Amino acid sequence: MPRLPDKTCTGCGACAALCPHGAITMKADSEGFLYPETDRARCTDCGLCERRCPVLGAAAEELPAYACMHRDKDVRRLSSSGGVFSACAQYVLEQGGAVFGARFDGEFAVMHGCAETPQEAAAFRGSKYVQSGMNDTHASCRRMLEAGRPVLFSGLPCQIAGLRAYLKTAYEELYCIDCICHGVPSPLLWKKYIEYRSARAGSAVRSITFRCKDSGWKQYTLVFAFENGAEYRASSGTDPYLRLFLRDCCLREACYRCAFKKERHVSDLTVGDFWGIEHVCPELDDNTGTSVVFVQSQKGARLLDKIKPSLIVKPVSAAQSIRYNPSLVQSAPRPALRDSFYADLQQKTLPYLFKKYAKDPFLLRCARLAKRILKKLLRLPAAFQP
């Protein structure tokens with residue numbers, strides 16, 4: 001029987017896609033995350049899944065880094081950060097290629113899929129804060145490449161590593177982009193949250209945007225639009241799902257000791273929000289979104305050069321960029337309440353979970369209230385101050 005990772009497994013699905021005997025399937029555990037399950041009757045102990053498992057390797061070194069913004073403000077508005085993915089997708093599609101990325105399905109679960117037109121690729125824009133299912137994208141990607149078509153594959157670092165492990169061959173026409181990852185919440189939690197929001201609105205969901213920029217890139221908003229015309233809007237600091245995500249209560253176990261938290265990734269480009277842009281490159285800080293781009297390979301450097309006409313590009317210090325984007329190299333801390341959270345997810349309602357895990361402690365809430373009152377008093381004219 002193969003000895004695949006347990007708690008450090010990322011669920012990339014490479015082992016299941018690779019197995020020549022169909023002995024491995026991806027099954028959801030009690031928390032809703034997918035893990036490999038091996039059929040003893042089919043397994044021949046060939047060791048292929050172990051040898052190609054991407055959790056077992058990687059390297060690190062200084063990287064070229066850039067601050068980037070798409071020149072088209074509409075593209076930036078519809079992107080999570082600076083629109084670099086859109087520029088890459090446009091280039092590959094213009095070469096007659098295909099683009100793979102994460103999008104919502106008809107039930108608003110997040111799944112990887114393939115796009116062959118700009119309209120289809122637009123669904124891959126924007127962050128989706130939940131782990132995506134890979135479907136048959138490994139095999140589909142290989143078919144495209146063997147047909148001689150260029151392919152852009154976007155995903156998380158572990159997903160790109162899983163794809164590389166599956167393909168094995170270094171296809172010249174494959175471009176891989178990964179994003180700086182904080183960690184992935186459970187698809188089970190996300191499914192329950194959609195049901196919760198739908199019940200509160202009394203309507204089915206029509207669309208979801210995790211990173212609406214109506215209030216700016218730095219104060220982004222989660223937006224649910226419903227079929228009955230209702231709408232739910234909340235900032236990352238007030239929405240209970242995002243608060244659980246940012247408090248690290250609901251992440252996959254492997255995310256707390258991620259094997260891919262290193263500067264050097266197996267992708268060609270690594271992209272993410274350029275937090276701290278006001279300190280590093282203030283001329284690109286207009287609150288519409290700026291991307292940080294780390295070039296991971298010579299092919300990545302060539303791709304960035306091809307899309308430069310669509311972008312504003314400024315070289316920056318990699319060390320300085322990582323200082324404001326530590327998720328590139330640091331795993332999320334594992335909260336003490338993580339185990340009890342998933343035990344409660346099986347038995348309790350979401351309002352119970354939100355109250356127990358998403359609220360700030362009482363003393364912290366009091367301190368914030370006092371700070372807001374003090375700020376208001378300081379802004380009052382002298383005649384009105386007590």
# chains A, B, ... in the order shown; residues from 1 in each chain; ligands from 1
>>> residues_around(residues="Val280 of chain A", least_positions_apart="6", cutoff="10 Å", atoms="only C-alpha atoms", output="PyMOL selection string")
chain A and resi 67+274+316-317+320-321+324
>>> residues_around(residues="Ala254 of chain A", least_positions_apart="5", cutoff="6 Å", atoms="only C-alpha atoms", output="list in words")
Lys7, Thr8, Cys9 and Thr10 of chain A
>>> select_by_dssp(residues="segment 64-223 of chain A", states="alpha helix (DSSP H)", output="JSON, numbers by chain")
{"A": [73, 74, 75, 76, 77, 78, 84, 85, 86, 87, 88, 89, 90, 91, 92, 93, 94, 118, 119, 120, 121, 137, 138, 139, 140, 141, 142, 143, 144, 145, 146, 157, 158, 159, 160, 161, 162, 163, 164, 165, 166, 167, 187, 188, 189, 190, 191, 192, 193, 194, 195, 196, 197, 198, 199, 200, 201]}
>>> closest_atom_pairs(of="segment 110-133 of chain A", to="segment 175-182 of chain A", cutoff="12 Å", atoms="only C-alpha atoms", output="CSV")
residue,atom,partner,partner_atom,distance
A:Arg125,CA,A:Cys179,CA,11.9
A:Gly126,CA,A:Cys179,CA,11.1
A:Ser127,CA,A:Cys179,CA,9.4
A:Lys128,CA,A:Cys181,CA,11.0
A:Tyr129,CA,A:His182,CA,9.3
A:Val130,CA,A:His182,CA,10.8
A:Gln131,CA,A:Cys181,CA,10.8
>>> write_last_selection(atoms="all heavy atoms", output="PDB file, in the first residue's frame")
ATOM      1  N   ARG A 125     -11.490  35.047 -13.115  1.00  0.00           N
ATOM      2  CA  ARG A 125     -11.004  36.234 -12.408  1.00  0.00           C
ATOM      3  C   ARG A 125     -11.488  36.228 -10.964  1.00  0.00           C
ATOM      4  O   ARG A 125     -12.564  35.742 -10.658  1.00  0.00           O
ATOM      5  CB  ARG A 125     -11.526  37.508 -13.065  1.00  0.00           C
ATOM      6  CG  ARG A 125     -10.868  37.913 -14.349  1.00  0.00           C
ATOM      7  CD  ARG A 125     -11.522  39.188 -14.847  1.00  0.00           C
ATOM      8  NE  ARG A 125     -10.978  39.641 -16.111  1.00  0.00           N
ATOM      9  CZ  ARG A 125     -11.693  40.238 -17.044  1.00  0.00           C
ATOM     10  NH1 ARG A 125     -12.984  40.456 -16.860  1.00  0.00           N
ATOM     11  NH2 ARG A 125     -11.129  40.625 -18.167  1.00  0.00           N
ATOM     12  N   GLY A 126     -10.727  36.854 -10.108  1.00  0.00           N
ATOM     13  CA  GLY A 126     -11.179  37.069  -8.744  1.00  0.00           C
ATOM     14  C   GLY A 126     -10.914  35.891  -7.825  1.00  0.00           C
ATOM     15  O   GLY A 126     -10.970  34.728  -8.221  1.00  0.00           O
ATOM     16  N   SER A 127     -10.634  36.195  -6.579  1.00  0.00           N
ATOM     17  CA  SER A 127     -10.378  35.165  -5.570  1.00  0.00           C
ATOM     18  C   SER A 127     -11.653  34.411  -5.233  1.00  0.00           C
ATOM     19  O   SER A 127     -12.750  34.966  -5.254  1.00  0.00           O
ATOM     20  CB  SER A 127      -9.823  35.815  -4.292  1.00  0.00           C
ATOM     21  OG  SER A 127      -8.620  36.497  -4.556  1.00  0.00           O
ATOM     22  N   LYS A 128     -11.495  33.131  -4.929  1.00  0.00           N
ATOM     23  CA  LYS A 128     -12.577  32.312  -4.382  1.00  0.00           C
ATOM     24  C   LYS A 128     -12.020  31.650  -3.124  1.00  0.00           C
ATOM     25  O   LYS A 128     -11.158  30.766  -3.222  1.00  0.00           O
ATOM     26  CB  LYS A 128     -13.037  31.233  -5.375  1.00  0.00           C
ATOM     27  CG  LYS A 128     -13.860  31.748  -6.548  1.00  0.00           C
ATOM     28  CD  LYS A 128     -13.008  32.057  -7.735  1.00  0.00           C
ATOM     29  CE  LYS A 128     -13.836  32.472  -8.944  1.00  0.00           C
ATOM     30  NZ  LYS A 128     -12.972  32.953 -10.050  1.00  0.00           N
ATOM     31  N   TYR A 129     -12.489  32.082  -1.973  1.00  0.00           N
ATOM     32  CA  TYR A 129     -11.890  31.629  -0.726  1.00  0.00           C
ATOM     33  C   TYR A 129     -12.491  30.307  -0.262  1.00  0.00           C
ATOM     34  O   TYR A 129     -13.180  30.221   0.751  1.00  0.00           O
ATOM     35  CB  TYR A 129     -12.018  32.719   0.336  1.00  0.00           C
ATOM     36  CG  TYR A 129     -11.230  33.961  -0.009  1.00  0.00           C
ATOM     37  CD1 TYR A 129     -11.839  35.204  -0.094  1.00  0.00           C
ATOM     38  CD2 TYR A 129      -9.866  33.880  -0.284  1.00  0.00           C
ATOM     39  CE1 TYR A 129     -11.117  36.337  -0.428  1.00  0.00           C
ATOM     40  CE2 TYR A 129      -9.144  35.004  -0.628  1.00  0.00           C
ATOM     41  CZ  TYR A 129      -9.775  36.229  -0.691  1.00  0.00           C
ATOM     42  OH  TYR A 129      -9.048  37.347  -1.037  1.00  0.00           O
ATOM     43  N   VAL A 130     -12.185  29.267  -1.024  1.00  0.00           N
ATOM     44  CA  VAL A 130     -12.578  27.899  -0.714  1.00  0.00           C
ATOM     45  C   VAL A 130     -11.762  26.997  -1.626  1.00  0.00           C
ATOM     46  O   VAL A 130     -11.366  27.423  -2.724  1.00  0.00           O
ATOM     47  CB  VAL A 130     -14.102  27.694  -0.915  1.00  0.00           C
ATOM     48  CG1 VAL A 130     -14.486  27.926  -2.360  1.00  0.00           C
ATOM     49  CG2 VAL A 130     -14.550  26.318  -0.474  1.00  0.00           C
ATOM     50  N   GLN A 131     -11.458  25.772  -1.203  1.00  0.00           N
ATOM     51  CA  GLN A 131     -10.662  24.893  -2.044  1.00  0.00           C
ATOM     52  C   GLN A 131     -11.477  24.427  -3.237  1.00  0.00           C
ATOM     53  O   GLN A 131     -12.613  23.980  -3.102  1.00  0.00           O
ATOM     54  CB  GLN A 131     -10.159  23.679  -1.262  1.00  0.00           C
ATOM     55  CG  GLN A 131      -9.187  22.833  -2.080  1.00  0.00           C
ATOM     56  CD  GLN A 131      -8.385  21.860  -1.251  1.00  0.00           C
ATOM     57  OE1 GLN A 131      -8.869  21.337  -0.254  1.00  0.00           O
ATOM     58  NE2 GLN A 131      -7.157  21.618  -1.654  1.00  0.00           N
TER      59      GLN A 131
END
>>> closest_residue(among="A:Ala343, A:Leu311, A:Phe224, A:Lys192", to="Val75 of chain A", atoms="only C-alpha atoms")
A:Leu311
>>> atom_distance(atom1="atom CA of Lys348 of chain A", atom2="atom CA of Leu189 of chain A")
11.8 Å
>>> closest_residue(among="A:Asn228, A:Arg302, A:Cys250, A:Leu93", to="Ser340 of chain A", atoms="only C-alpha atoms")
A:Cys250
>>> residues_around(residues="Leu145 of chain A", least_positions_apart="5", cutoff="7 Å", atoms="only C-alpha atoms", output="VMD selection string")
chain A and resid 150 to 151 173
>>> write_last_selection(atoms="N, CA, C and O atoms", output="CSV table (one decimal), in the first residue's frame")
chain,number,residue,atom,x,y,z
A,150,PRO,N,-1.1,25.9,-26.8
A,150,PRO,CA,-0.7,26.5,-25.6
A,150,PRO,C,-1.7,26.4,-24.5
A,150,PRO,O,-2.9,26.5,-24.8
A,151,VAL,N,-1.2,26.3,-23.3
A,151,VAL,CA,-2.2,26.2,-22.1
A,151,VAL,C,-1.6,27.1,-21.0
A,151,VAL,O,-0.5,27.1,-20.7
A,173,GLU,N,4.8,24.5,-24.2
A,173,GLU,CA,3.6,25.4,-24.4
A,173,GLU,C,2.7,25.5,-23.1
A,173,GLU,O,1.6,26.0,-23.2
>>> select_by_dssp(residues="segment 222-281 of chain A", states="strand (DSSP E or B)", output="list in words")
Leu222, Val223, Phe224, Ala225, Phe226, Glu231, Tyr232, Arg233, Ala234, Ser235, Leu251, Leu269, Thr270, Val271, Gly272 and Asp273 of chain A
